[in-house]
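Asker: Sharing model_14.cif below, mmCIF, C-alpha atoms and all ligand atoms:
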data_protein
#
loop_
_atom_site.group_PDB
_atom_site.id
_atom_site.type_symbol
_atom_site.label_atom_id
_atom_site.label_comp_id
_atom_site.auth_asym_id
_atom_site.auth_seq_id
_atom_site.Cartn_x
_atom_site.Cartn_y
_atom_site.Cartn_z
ATOM 1 C CA MET A 1050 -17.833 -10.020 1.943
ATOM 2 C CA TYR A 1051 -15.537 -12.788 3.198
ATOM 3 C CA ASP A 1052 -12.465 -13.398 1.042
ATOM 4 C CA PRO A 1053 -11.188 -16.999 1.434
ATOM 5 C CA THR A 1054 -7.708 -16.128 0.158
ATOM 6 C CA GLN A 1055 -6.901 -13.808 3.114
ATOM 7 C CA PHE A 1056 -5.119 -16.478 5.144
ATOM 8 C CA LYS A 1057 -4.555 -19.086 2.439
ATOM 9 C CA GLY A 1058 -1.670 -21.302 3.536
ATOM 10 C CA ALA A 1059 -1.240 -19.352 6.813
ATOM 11 C CA ALA A 1060 -3.113 -21.570 9.289
ATOM 12 C CA ARG A 1061 -0.318 -24.083 9.856
ATOM 13 C CA TYR A 1062 2.038 -21.269 10.943
ATOM 14 C CA TYR A 1063 -0.420 -19.438 13.168
ATOM 15 C CA ARG A 1064 -0.119 -21.040 16.586
ATOM 16 C CA HIS A 1065 3.669 -21.347 16.387
ATOM 17 C CA GLY A 1066 4.226 -17.857 14.986
ATOM 18 C CA ARG A 1067 1.833 -15.500 16.748
ATOM 19 C CA PRO A 1068 2.542 -14.071 20.201
ATOM 20 C CA PRO A 1069 -0.051 -14.946 22.850
ATOM 21 C CA TYR A 1070 -2.395 -12.447 24.468
ATOM 22 C CA SER A 1071 -1.895 -11.301 28.049
ATOM 23 C CA ALA A 1072 -1.621 -14.104 30.596
ATOM 24 C CA GLN A 1073 -4.111 -12.062 32.658
ATOM 25 C CA LEU A 1074 -6.756 -11.888 29.917
ATOM 26 C CA GLY A 1075 -8.957 -14.534 31.564
ATOM 27 C CA ASP A 1076 -8.713 -12.953 35.035
ATOM 28 C CA ALA A 1077 -9.449 -9.508 33.605
ATOM 29 C CA LEU A 1078 -12.573 -10.759 31.824
ATOM 30 C CA ALA A 1079 -13.723 -12.832 34.788
ATOM 31 C CA ASP A 1080 -13.533 -9.685 36.954
ATOM 32 C CA GLU A 1081 -15.168 -7.397 34.384
ATOM 33 C CA LEU A 1082 -18.008 -9.781 33.480
ATOM 34 C CA GLY A 1083 -18.409 -11.900 36.612
ATOM 35 C CA LEU A 1084 -17.619 -15.110 34.708
ATOM 36 C CA ASP A 1085 -17.921 -18.230 36.848
ATOM 37 C CA GLY A 1086 -17.607 -21.304 34.620
ATOM 38 C CA THR A 1087 -21.237 -21.239 33.488
ATOM 39 C CA GLY A 1088 -22.761 -20.038 30.221
ATOM 40 C CA ARG A 1089 -21.539 -20.306 26.650
ATOM 41 C CA LEU A 1090 -18.731 -18.548 24.782
ATOM 42 C CA LEU A 1091 -18.749 -17.933 21.035
ATOM 43 C CA ASP A 1092 -15.334 -16.983 19.610
ATOM 44 C CA VAL A 1093 -15.798 -15.400 16.175
ATOM 45 C CA GLY A 1094 -12.935 -15.433 13.693
ATOM 46 C CA SER A 1095 -11.376 -17.895 16.093
ATOM 47 C CA GLY A 1096 -8.471 -18.878 13.857
ATOM 48 C CA PRO A 1097 -6.841 -21.861 15.584
ATOM 49 C CA GLY A 1098 -8.781 -21.068 18.774
ATOM 50 C CA THR A 1099 -6.377 -18.546 20.276
ATOM 51 C CA VAL A 1100 -8.884 -16.614 22.392
ATOM 52 C CA GLY A 1101 -11.636 -19.200 22.790
ATOM 53 C CA LEU A 1102 -9.334 -21.878 24.134
ATOM 54 C CA GLN A 1103 -7.468 -19.494 26.456
ATOM 55 C CA LEU A 1104 -10.833 -18.610 28.025
ATOM 56 C CA ALA A 1105 -12.415 -22.096 27.932
ATOM 57 C CA ALA A 1106 -12.227 -22.713 31.705
ATOM 58 C CA LEU A 1107 -14.462 -19.673 32.331
ATOM 59 C CA PHE A 1108 -17.458 -21.209 30.502
ATOM 60 C CA GLU A 1109 -19.347 -24.478 30.344
ATOM 61 C CA HIS A 1110 -19.147 -24.585 26.534
ATOM 62 C CA VAL A 1111 -17.108 -22.912 23.778
ATOM 63 C CA THR A 1112 -18.002 -22.584 20.089
ATOM 64 C CA LEU A 1113 -15.171 -21.664 17.717
ATOM 65 C CA LEU A 1114 -16.477 -20.040 14.534
ATOM 66 C CA ASP A 1115 -14.319 -19.262 11.499
ATOM 67 C CA PRO A 1116 -14.921 -19.389 7.734
ATOM 68 C CA ASP A 1117 -11.412 -20.780 7.060
ATOM 69 C CA ALA A 1118 -11.443 -24.596 7.112
ATOM 70 C CA ASP A 1119 -7.683 -24.829 7.637
ATOM 71 C CA MET A 1120 -7.855 -22.585 10.731
ATOM 72 C CA LEU A 1121 -10.608 -24.775 12.183
ATOM 73 C CA ALA A 1122 -8.582 -27.911 11.402
ATOM 74 C CA GLU A 1123 -5.718 -26.455 13.479
ATOM 75 C CA ALA A 1124 -8.171 -25.719 16.294
ATOM 76 C CA ARG A 1125 -9.600 -29.255 16.147
ATOM 77 C CA ALA A 1126 -6.132 -30.812 16.301
ATOM 78 C CA TYR A 1127 -5.215 -28.692 19.335
ATOM 79 C CA VAL A 1128 -8.469 -29.471 21.148
ATOM 80 C CA ALA A 1129 -7.959 -33.204 20.509
ATOM 81 C CA ALA A 1130 -4.311 -33.115 21.624
ATOM 82 C CA GLU A 1131 -5.200 -31.262 24.850
ATOM 83 C CA GLY A 1132 -8.236 -33.489 25.510
ATOM 84 C CA LEU A 1133 -10.504 -30.447 25.907
ATOM 85 C CA ALA A 1134 -14.197 -31.213 26.233
ATOM 86 C CA ALA A 1135 -17.221 -29.038 25.522
ATOM 87 C CA VAL A 1136 -15.801 -27.320 22.441
ATOM 88 C CA ASP A 1137 -17.473 -27.326 19.050
ATOM 89 C CA PHE A 1138 -16.657 -25.814 15.690
ATOM 90 C CA VAL A 1139 -18.684 -23.898 13.134
ATOM 91 C CA GLN A 1140 -17.340 -23.101 9.680
ATOM 92 C CA ALA A 1141 -19.079 -19.824 8.843
ATOM 93 C CA ALA A 1142 -18.501 -16.100 8.546
ATOM 94 C CA ALA A 1143 -19.653 -13.677 11.235
ATOM 95 C CA GLU A 1144 -22.171 -12.287 8.751
ATOM 96 C CA ASP A 1145 -23.909 -15.714 8.781
ATOM 97 C CA LEU A 1146 -24.731 -15.473 12.511
ATOM 98 C CA PRO A 1147 -28.463 -14.694 12.091
ATOM 99 C CA ASP A 1148 -28.929 -17.923 10.092
ATOM 100 C CA LEU A 1149 -27.010 -20.263 12.379
ATOM 101 C CA GLN A 1150 -29.553 -20.631 15.189
ATOM 102 C CA LEU A 1151 -26.924 -21.055 17.872
ATOM 103 C CA GLN A 1152 -27.908 -21.150 21.524
ATOM 104 C CA ARG A 1153 -27.784 -17.796 23.326
ATOM 105 C CA MET A 1154 -24.285 -16.840 24.412
ATOM 106 C CA ARG A 1155 -23.045 -15.272 27.634
ATOM 107 C CA THR A 1156 -20.015 -13.844 25.823
ATOM 108 C CA VAL A 1157 -19.003 -13.388 22.176
ATOM 109 C CA THR A 1158 -15.308 -12.669 21.557
ATOM 110 C CA PHE A 1159 -13.432 -11.431 18.495
ATOM 111 C CA GLY A 1160 -9.619 -11.732 18.639
ATOM 112 C CA GLN A 1161 -8.165 -9.503 15.912
ATOM 113 C CA SER A 1162 -11.070 -10.438 13.673
ATOM 114 C CA PHE A 1163 -13.839 -7.826 14.037
ATOM 115 C CA HIS A 1164 -12.115 -5.528 11.500
ATOM 116 C CA ARG A 1165 -12.521 -8.259 8.873
ATOM 117 C CA THR A 1166 -16.300 -8.286 9.151
ATOM 118 C CA ASP A 1167 -19.171 -6.096 8.023
ATOM 119 C CA ARG A 1168 -18.966 -4.427 11.420
ATOM 120 C CA LEU A 1169 -22.275 -2.665 12.006
ATOM 121 C CA ARG A 1170 -24.311 -5.595 10.712
ATOM 122 C CA VAL A 1171 -22.228 -8.118 12.647
ATOM 123 C CA ALA A 1172 -22.411 -6.144 15.910
ATOM 124 C CA GLU A 1173 -26.201 -6.064 15.650
ATOM 125 C CA ALA A 1174 -26.264 -9.827 14.963
ATOM 126 C CA VAL A 1175 -24.036 -10.400 18.011
ATOM 127 C CA TYR A 1176 -26.428 -8.323 20.138
ATOM 128 C CA ASP A 1177 -29.235 -10.715 19.182
ATOM 129 C CA ALA A 1178 -27.015 -13.767 19.802
ATOM 130 C CA LEU A 1179 -26.313 -12.724 23.421
ATOM 131 C CA GLU A 1180 -28.379 -13.497 26.485
ATOM 132 C CA PRO A 1181 -29.505 -10.361 28.369
ATOM 133 C CA GLY A 1182 -26.547 -9.121 30.424
ATOM 134 C CA GLY A 1183 -24.130 -10.875 28.049
ATOM 135 C CA ALA A 1184 -21.184 -9.113 26.433
ATOM 136 C CA MET A 1185 -19.376 -8.697 23.156
ATOM 137 C CA VAL A 1186 -15.618 -8.477 23.690
ATOM 138 C CA LEU A 1187 -13.107 -7.221 21.118
ATOM 139 C CA ILE A 1188 -9.514 -8.222 21.808
ATOM 140 C CA VAL A 1189 -6.375 -6.961 20.063
ATOM 141 C CA HIS A 1190 -2.679 -6.510 20.784
ATOM 142 C CA ASP A 1191 -1.715 -2.857 21.184
ATOM 143 C CA PRO A 1192 1.983 -2.722 20.229
ATOM 144 C CA THR A 1193 2.095 1.050 20.771
ATOM 145 C CA ARG A 1194 2.037 0.438 24.530
ATOM 146 C CA PRO A 1195 5.583 0.619 25.895
ATOM 147 C CA ALA A 1196 7.106 -2.636 27.076
ATOM 148 C CA PRO A 1197 7.908 -2.800 30.786
ATOM 149 C CA GLN A 1198 11.421 -3.991 29.905
ATOM 150 C CA GLN A 1199 13.290 -5.429 26.961
ATOM 151 C CA LEU A 1200 14.962 -8.789 27.430
ATOM 152 C CA PRO A 1201 18.752 -8.352 27.630
ATOM 153 C CA ASP A 1202 20.943 -9.705 24.772
ATOM 154 C CA THR A 1203 17.901 -10.577 22.676
ATOM 155 C CA PRO A 1204 17.334 -8.145 19.781
ATOM 156 C CA PRO A 1205 13.801 -7.232 18.779
ATOM 157 C CA ILE A 1206 12.443 -8.722 15.571
ATOM 158 C CA PRO A 1207 13.809 -6.457 12.778
ATOM 159 C CA HIS A 1208 10.374 -5.513 11.441
ATOM 160 C CA ASP A 1209 11.597 -2.704 9.160
ATOM 161 C CA GLU A 1210 14.130 -4.891 7.359
ATOM 162 C CA VAL A 1211 11.634 -7.724 6.964
ATOM 163 C CA ASP A 1212 9.041 -5.264 5.637
ATOM 164 C CA ARG A 1213 11.527 -4.152 2.983
ATOM 165 C CA LEU A 1214 12.176 -7.778 1.997
ATOM 166 C CA ILE A 1215 8.450 -8.502 1.740
ATOM 167 C CA SER A 1216 7.993 -5.396 -0.447
ATOM 168 C CA ALA A 1217 10.829 -6.541 -2.705
ATOM 169 C CA TYR A 1218 8.826 -9.719 -3.393
ATOM 170 C CA LEU A 1219 5.247 -8.465 -3.295
ATOM 171 C CA GLY A 1220 5.531 -4.792 -4.196
ATOM 172 C CA PRO A 1221 4.903 -1.719 -2.049
ATOM 173 C CA GLN A 1222 1.122 -2.148 -1.785
ATOM 174 C CA ARG A 1223 0.237 -4.641 0.956
ATOM 175 C CA ARG A 1224 -2.616 -6.990 0.187
ATOM 176 C CA SER A 1225 -4.838 -9.112 2.388
ATOM 177 C CA GLY A 1226 -6.406 -11.565 -0.023
ATOM 178 C CA ALA A 1227 -7.631 -9.548 -2.981
ATOM 179 C CA ARG A 1228 -7.908 -6.244 -1.086
ATOM 180 C CA PRO A 1229 -5.346 -3.661 0.037
ATOM 181 C CA VAL A 1230 -4.569 -4.043 3.755
ATOM 182 C CA GLU A 1231 -5.688 -0.433 4.361
ATOM 183 C CA SER A 1232 -9.215 -1.331 3.279
ATOM 184 C CA TYR A 1233 -9.630 -3.250 6.567
ATOM 185 C CA GLN A 1234 -8.812 -0.146 8.610
ATOM 186 C CA ALA A 1235 -11.730 2.168 9.271
ATOM 187 C CA GLU A 1236 -13.151 4.123 12.186
ATOM 188 C CA ARG A 1237 -12.266 3.003 15.677
ATOM 189 C CA PHE A 1238 -14.356 0.120 17.036
ATOM 190 C CA GLU A 1239 -15.654 2.376 19.841
ATOM 191 C CA GLN A 1240 -17.258 4.661 17.287
ATOM 192 C CA THR A 1241 -18.778 1.783 15.338
ATOM 193 C CA LEU A 1242 -20.284 0.214 18.462
ATOM 194 C CA ALA A 1243 -21.612 3.580 19.601
ATOM 195 C CA ARG A 1244 -23.862 3.460 16.512
ATOM 196 C CA THR A 1245 -25.367 0.070 17.493
ATOM 197 C CA ARG A 1246 -27.772 -1.036 20.225
ATOM 198 C CA PHE A 1247 -24.726 -1.736 22.409
ATOM 199 C CA GLY A 1248 -23.695 1.887 22.671
ATOM 200 C CA ARG A 1249 -20.122 2.950 23.439
ATOM 201 C CA PRO A 1250 -18.006 0.105 24.895
ATOM 202 C CA ARG A 1251 -15.645 0.382 27.859
ATOM 203 C CA VAL A 1252 -11.934 -0.159 27.270
ATOM 204 C CA SER A 1253 -9.335 -1.771 29.480
ATOM 205 C CA TYR A 1254 -5.861 -3.245 29.115
ATOM 206 C CA ALA A 1255 -4.294 -6.435 30.405
ATOM 207 C CA PRO A 1256 -0.495 -6.383 30.622
ATOM 208 C CA GLY A 1257 1.250 -7.870 27.594
ATOM 209 C CA ARG A 1258 3.856 -10.617 27.866
ATOM 210 C CA SER A 1259 7.307 -9.055 27.866
ATOM 211 C CA ASP A 1260 9.144 -12.417 27.870
ATOM 212 C CA VAL A 1261 8.218 -13.830 24.451
ATOM 213 C CA VAL A 1262 11.357 -15.155 22.746
ATOM 214 C CA ARG A 1263 11.383 -16.640 19.248
ATOM 215 C CA ASP A 1264 13.958 -18.537 17.273
ATOM 216 C CA VAL A 1265 14.381 -18.019 13.522
ATOM 217 C CA ASP A 1266 11.725 -20.642 12.696
ATOM 218 C CA GLY A 1267 9.272 -18.922 15.029
ATOM 219 C CA VAL A 1268 9.836 -15.498 13.446
ATOM 220 C CA VAL A 1269 9.467 -16.974 9.939
ATOM 221 C CA ALA A 1270 6.205 -18.658 11.045
ATOM 222 C CA GLY A 1271 4.974 -15.349 12.479
ATOM 223 C CA PHE A 1272 5.346 -13.566 9.148
ATOM 224 C CA LEU A 1273 3.847 -16.438 7.120
ATOM 225 C CA SER A 1274 0.826 -16.382 9.454
ATOM 226 C CA MET A 1275 0.066 -12.751 8.523
ATOM 227 C CA SER A 1276 -2.439 -12.161 5.735
ATOM 228 C CA PHE A 1277 -0.081 -9.622 4.071
ATOM 229 C CA ALA A 1278 2.671 -12.264 3.844
ATOM 230 C CA ALA A 1279 0.526 -15.407 3.506
ATOM 231 C CA PRO A 1280 2.340 -18.185 1.625
ATOM 232 C CA HIS A 1281 0.140 -18.102 -1.482
ATOM 233 C CA LEU A 1282 1.111 -14.483 -2.223
ATOM 234 C CA PHE A 1283 4.689 -15.580 -3.006
ATOM 235 C CA GLY A 1284 3.626 -18.222 -5.532
ATOM 236 C CA SER A 1285 6.593 -20.197 -6.866
ATOM 237 C CA ARG A 1286 9.038 -17.830 -5.065
ATOM 238 C CA LEU A 1287 7.961 -18.882 -1.547
ATOM 239 C CA GLY A 1288 11.052 -21.052 -0.950
ATOM 240 C CA GLU A 1289 13.353 -18.274 -2.152
ATOM 241 C CA PHE A 1290 11.623 -15.736 0.153
ATOM 242 C CA ILE A 1291 11.915 -18.023 3.184
ATOM 243 C CA GLY A 1292 15.606 -18.592 2.410
ATOM 244 C CA GLU A 1293 16.324 -14.835 2.214
ATOM 245 C CA LEU A 1294 14.295 -14.164 5.357
ATOM 246 C CA ARG A 1295 16.284 -16.761 7.277
ATOM 247 C CA VAL A 1296 19.599 -15.219 6.183
ATOM 248 C CA LEU A 1297 18.368 -11.742 7.225
ATOM 249 C CA LEU A 1298 17.324 -13.050 10.638
ATOM 250 C CA GLU A 1299 20.516 -15.007 11.233
ATOM 251 C CA ARG A 1300 22.520 -11.812 10.552
ATOM 252 C CA ALA A 1301 20.300 -9.784 12.884
ATOM 253 C CA SER A 1302 20.862 -12.115 15.850
ATOM 254 C CA PRO A 1303 24.241 -13.733 15.156
ATOM 255 C CA THR A 1304 25.027 -14.818 18.725
ATOM 256 C CA SER A 1305 21.900 -16.552 19.997
ATOM 257 C CA GLY A 1306 19.652 -16.688 16.909
ATOM 258 C CA LEU A 1307 16.862 -15.520 19.232
ATOM 259 C CA PHE A 1308 14.550 -12.508 19.079
ATOM 260 C CA TRP A 1309 12.438 -10.606 21.550
ATOM 261 C CA ASP A 1310 8.803 -10.347 20.429
ATOM 262 C CA TRP A 1311 6.849 -7.609 22.221
ATOM 263 C CA PRO A 1312 3.197 -7.954 21.173
ATOM 264 C CA GLY A 1313 2.034 -5.037 23.301
ATOM 265 C CA ASP A 1314 -0.578 -4.950 26.017
ATOM 266 C CA THR A 1315 -3.861 -6.682 25.282
ATOM 267 C CA GLU A 1316 -6.617 -4.154 24.610
ATOM 268 C CA ILE A 1317 -10.093 -5.284 25.652
ATOM 269 C CA LEU A 1318 -13.284 -3.548 24.492
ATOM 270 C CA ILE A 1319 -16.443 -4.621 26.277
ATOM 271 C CA ALA A 1320 -19.962 -3.888 25.018
ATOM 272 C CA GLU A 1321 -22.834 -5.272 27.100
ATOM 273 C CA ARG A 1322 -26.347 -6.198 26.100
ATOM 274 C CA ARG A 1323 -28.388 -4.416 28.692
HETATM 275 C C1 LIG A 1401 -5.934 -12.512 12.551
HETATM 276 S S1 LIG A 1401 -6.902 -13.983 12.588
HETATM 277 C C2 LIG A 1401 -7.330 -14.017 14.323
HETATM 278 C C3 LIG A 1401 -7.378 -15.399 14.923
HETATM 279 C C4 LIG A 1401 -7.617 -15.450 16.427
HETATM 280 N N1 LIG A 1401 -8.946 -14.953 16.753
HETATM 281 C C5 LIG A 1401 -6.593 -14.668 17.208
HETATM 282 O O1 LIG A 1401 -6.980 -13.821 18.004
HETATM 283 O O2 LIG A 1401 -5.383 -14.934 17.066
HETATM 284 C C6 LIG A 1401 -8.408 -13.479 11.825
HETATM 285 C C7 LIG A 1401 -9.389 -14.605 11.616
HETATM 286 O O3 LIG A 1401 -10.616 -14.025 11.188
HETATM 287 C C8 LIG A 1401 -11.190 -14.897 10.241
HETATM 288 N N2 LIG A 1401 -12.163 -14.137 9.433
HETATM 289 C C9 LIG A 1401 -11.944 -13.412 8.314
HETATM 290 N N3 LIG A 1401 -13.085 -12.894 7.860
HETATM 291 C C10 LIG A 1401 -14.064 -13.291 8.718
HETATM 292 C C11 LIG A 1401 -15.477 -13.094 8.770
HETATM 293 N N4 LIG A 1401 -16.108 -12.344 7.867
HETATM 294 N N5 LIG A 1401 -16.164 -13.685 9.775
HETATM 295 C C12 LIG A 1401 -15.522 -14.419 10.719
HETATM 296 N N6 LIG A 1401 -14.185 -14.635 10.706
HETATM 297 C C13 LIG A 1401 -13.472 -14.086 9.718
HETATM 298 C C14 LIG A 1401 -10.014 -15.442 9.462
HETATM 299 O O4 LIG A 1401 -10.331 -16.640 8.782
HETATM 300 C C15 LIG A 1401 -8.971 -15.612 10.560
HETATM 301 O O5 LIG A 1401 -8.992 -16.913 11.090
#
In structure tokens, what does this structure look like?
Ligand SMILES: C[S@@+](CC[C@H](N)C(=O)[O-])C[C@H]1O[C@@H](n2cnc3c(N)ncnc32)[C@H](O)[C@@H]1O

Answerer:
Amino acid sequence: MYDPTQFKGAARYYRHGRPPYSAQLGDALADELGLDGTGRLLDVGSGPGTVGLQLAALFEHVTLLDPDADMLAEARAYVAAEGLAAVDFVQAAAEDLPDLQLQRMRTVTFGQSFHRTDRLRVAEAVYDALEPGGAMVLIVHDPTRPAPQQLPDTPPIPHDEVDRLISAYLGPQRRSGARPVESYQAERFEQTLARTRFGRPRVSYAPGRSDVVRDVDGVVAGFLSMSFAAPHLFGSRLGEFIGELRVLLERASPTSGLFWDWPGDTEILIAERR
């Protein structure tokens, strides 16, 4: 069941704060799926359009679908500013797919969003939404993959210290909307998809970007874009939290005020409708 408070207040920080996926994501998918600029893409849980707009040139039309109106407003503003054509927007949850009567899709992507859905039911609905030979693609950062190199003189974001600060404000139990964060973690996607008509997906990796550098504002935006640190969770103490976070970050990178942000390689799961 979709919880509208998950990302409440987070959308305006998302594009500025989140690291991008692999620069080779489009090439990797074009090779894997034979994409050639035709067919339609549906990006589910699109947020501000992160995946859908990165892949737009590989399709003739892109639909961005998200239940969060503020995320879609960010996507709309970006599409207008970039003058992108052939993009439309649907405010709905993935679970609504069977009722939406969208045209058949060549590809349906989920960027860090499949775990937020009723997975088995949604995967089956995606199967029906695809044209024969089409594919469902699940995309996430995998930060456990070692970085090829760390940027010199640019410290990594001090995640442990920031985690402690967030806990001091919000308590030890992390929440995403009304639920504990852990409740969104379940079996691996491969196992879930193996129980659907898709069968077991294939997995590949596109190399992550090892040159992402953020200033203090960018790191603050990154945390406020996360559901476990979304602005509404801090209530009237939001300003105080941001102030303390800024001081922590300025101490952690006193010379340049910059941080290295290694998002990890981009993991790509592909499940095809045969
Ligand atoms: C972490 S963001 C990912 C945004 C973007 N796809 C990306 O890769 O950066 C997760 C998105 O999933 C959306 N979401 C949450 N529950 C959903 C559901 N049941 N169906 C579709 N989208 C959902 C949220 O509103 C949010 O925009």

Asker: Choose the residue, out of A:Ser1253, A:Gln1055, A:Ser1302, A:Thr1087, that has the smallest atom-to-atom separation from A:Ala1106; count only C-alpha atoms.

Answerer: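 Using only C-alpha atoms, the shortest distance to A:Ala1106 belongs to A:Thr1087.
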
Asker: In Å to one decimal, how far is atom CA of A:Gln1198 from atom CA of A:Val1262?

Answerer: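 Between atom CA of A:Val1262 and atom CA of A:Gln1198 the gap works out to 13.3 Å.
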
Asker: So that I can see what lies close to stretch 1111-1127 of chain A, please list as a ChimeraX atom specification the residues with an atom at most 8 Å from it, counting all atoms listed in the file and leaving out residues fewer than 3 positions away in the same chain.

Answerer: /A:1053,1056,1060-1061,1089-1098,1101-1102,1105,1108,1130-1131,1135-1143

Asker: Can you spit out the residues from that selection as a PDB file, in the frame of the given file, using C-alpha atoms?

Answerer:
ATOM      1  CA  PRO A1053     -11.188 -16.999   1.434  1.00  0.00           C
ATOM      2  CA  PHE A1056      -5.119 -16.478   5.144  1.00  0.00           C
ATOM      3  CA  ALA A1060      -3.113 -21.570   9.289  1.00  0.00           C
ATOM      4  CA  ARG A1061      -0.318 -24.083   9.856  1.00  0.00           C
ATOM      5  CA  ARG A1089     -21.539 -20.306  26.650  1.00  0.00           C
ATOM      6  CA  LEU A1090     -18.731 -18.548  24.782  1.00  0.00           C
ATOM      7  CA  LEU A1091     -18.749 -17.933  21.035  1.00  0.00           C
ATOM      8  CA  ASP A1092     -15.334 -16.983  19.610  1.00  0.00           C
ATOM      9  CA  VAL A1093     -15.798 -15.400  16.175  1.00  0.00           C
ATOM     10  CA  GLY A1094     -12.935 -15.433  13.693  1.00  0.00           C
ATOM     11  CA  SER A1095     -11.376 -17.895  16.093  1.00  0.00           C
ATOM     12  CA  GLY A1096      -8.471 -18.878  13.857  1.00  0.00           C
ATOM     13  CA  PRO A1097      -6.841 -21.861  15.584  1.00  0.00           C
ATOM     14  CA  GLY A1098      -8.781 -21.068  18.774  1.00  0.00           C
ATOM     15  CA  GLY A1101     -11.636 -19.200  22.790  1.00  0.00           C
ATOM     16  CA  LEU A1102      -9.334 -21.878  24.134  1.00  0.00           C
ATOM     17  CA  ALA A1105     -12.415 -22.096  27.932  1.00  0.00           C
ATOM     18  CA  PHE A1108     -17.458 -21.209  30.502  1.00  0.00           C
ATOM     19  CA  ALA A1130      -4.311 -33.115  21.624  1.00  0.00           C
ATOM     20  CA  GLU A1131      -5.200 -31.262  24.850  1.00  0.00           C
ATOM     21  CA  ALA A1135     -17.221 -29.038  25.522  1.00  0.00           C
ATOM     22  CA  VAL A1136     -15.801 -27.320  22.441  1.00  0.00           C
ATOM     23  CA  ASP A1137     -17.473 -27.326  19.050  1.00  0.00           C
ATOM     24  CA  PHE A1138     -16.657 -25.814  15.690  1.00  0.00           C
ATOM     25  CA  VAL A1139     -18.684 -23.898  13.134  1.00  0.00           C
ATOM     26  CA  GLN A1140     -17.340 -23.101   9.680  1.00  0.00           C
ATOM     27  CA  ALA A1141     -19.079 -19.824   8.843  1.00  0.00           C
ATOM     28  CA  ALA A1142     -18.501 -16.100   8.546  1.00  0.00           C
ATOM     29  CA  ALA A1143     -19.653 -13.677  11.235  1.00  0.00           C
TER      30      ALA A1143
END

Asker: What residues come out when you apply the PyMOL selection byres (((chain A and resi 1314) around 6) and not hetatm) to this file, written as number ranges by chain?

Answerer: A: 1190-1191, 1255-1257, 1313, 1315

Asker: Given the choices A:Asp1052, A:Pro1195, A:Ala1217, A:Asp1266, which gets closest to A:Val1296 if the distance is worked out from all atoms listed in the file?

Answerer: A:Asp1266

Asker: My list of candidates is A:Asp1310, A:Glu1321, A:Glu1293, A:Asp1076. Which is closest to A:Val1211 when distances are computed with all atoms listed in the file?

Answerer: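 Nearest to A:Val1211: A:Glu1293.
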
Asker: Which residue out of A:Gly1058, A:Gly1132, A:Gly1182, A:Gly1306 has the minimum interatomic distance to ligand LIG 1401 (chain A) when all atoms listed in the file are used?

Answerer: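 Checking each candidate against ligand LIG 1401 (chain A), we get A:Gly1058 as the closest.
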
Asker: I'd like to know which of A:Ser1259, A:Ser1305, A:Thr1054, A:Gln1199 is closest to A:Ala1072, using only C-alpha atoms.

Answerer: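 Closest residue, counting only C-alpha atoms: A:Ser1259.
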
Asker: Could you tell me, as a list in words, exactly which residues end up selected when the PyMOL selection byres (((chain A and resi 1164-1166) around 8) and not hetatm) is applied to this structure?

Answerer: Met1050, Tyr1051, Ala1143, Glu1144, Gln1161, Ser1162, Phe1163, Asp1167, Arg1168, Val1171, Tyr1233 and Gln1234 of chain A

Asker: Of the candidates A:Val1189, A:Ala1079, A:Val1230, A:Leu1149, which one gets nearest to ligand LIG 1401 (chain A) if we count all atoms listed in the file?

Answerer: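 Result for the nearest residue to ligand LIG 1401 (chain A): A:Val1189.
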
Asker: In file coordinates, which residues lie within 12 Å of (5.8, -7.7, -2.5) using all atoms listed in the file, given as a ChimeraX atom specification?

Answerer: /A:1211-1225,1277-1284,1286-1287,1290

Asker: Quick one: which residues end up in the PyMOL selection byres (((chain A and resi 1066) around 6) and not hetatm) for this structure, as a ChimeraX atom specification?

Answerer: /A:1062-1065,1067,1267,1270-1271

Asker: Would you list the contacts of A:Val1268 as a list in words, taking every protein, DNA or RNA residue within 8 Å and counting all atoms listed in the file, but skipping same-chain residues closer than 4 positions in sequence?

Answerer: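 Surrounding residues, per the criterion: Gly1066, Ile1206, Arg1263, Asp1264, Phe1272 and Phe1308 of chain A.
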
Asker: What is the distance, in Å and to one decimal place, between atom CA of A:Val1100 and atom O1 of ligand LIG 1401 (chain A)?

Answerer: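 Spanning atom CA of A:Val1100 to atom O1 of ligand LIG 1401 (chain A) is a straight-line distance of 5.5 Å.
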
Asker: Any idea what the distance is between atom CA of A:Val1269 and atom CA of A:Leu1187?

Answerer: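 One can read the atom CA of A:Val1269 to atom CA of A:Leu1187 distance as 27.0 Å.
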
Asker: Take the point (-27.7, -2.7, 17.6) as written in the file and pick out every residue within 10 Å of it, counting only C-alpha atoms; give the list as a list in words.

Answerer: Leu1169, Arg1170, Val1171, Ala1172, Glu1173, Ala1174, Val1175, Tyr1176, Asp1177, Leu1242, Ala1243, Arg1244, Thr1245, Arg1246, Phe1247, Gly1248 and Arg1322 of chain A

Asker: Please return the centre and edge lengths, in Å to one decimal, of a box with edges along x, y and z that contains all listed atoms of stretch 1090-1109 of chain A, widened by 3 Å on every side, as lines of an AutoDock Vina configuration file.

Answerer:
center_x = -12.9
center_y = -19.9
center_z = 23.0
size_x = 19.0
size_y = 15.1
size_z = 24.6
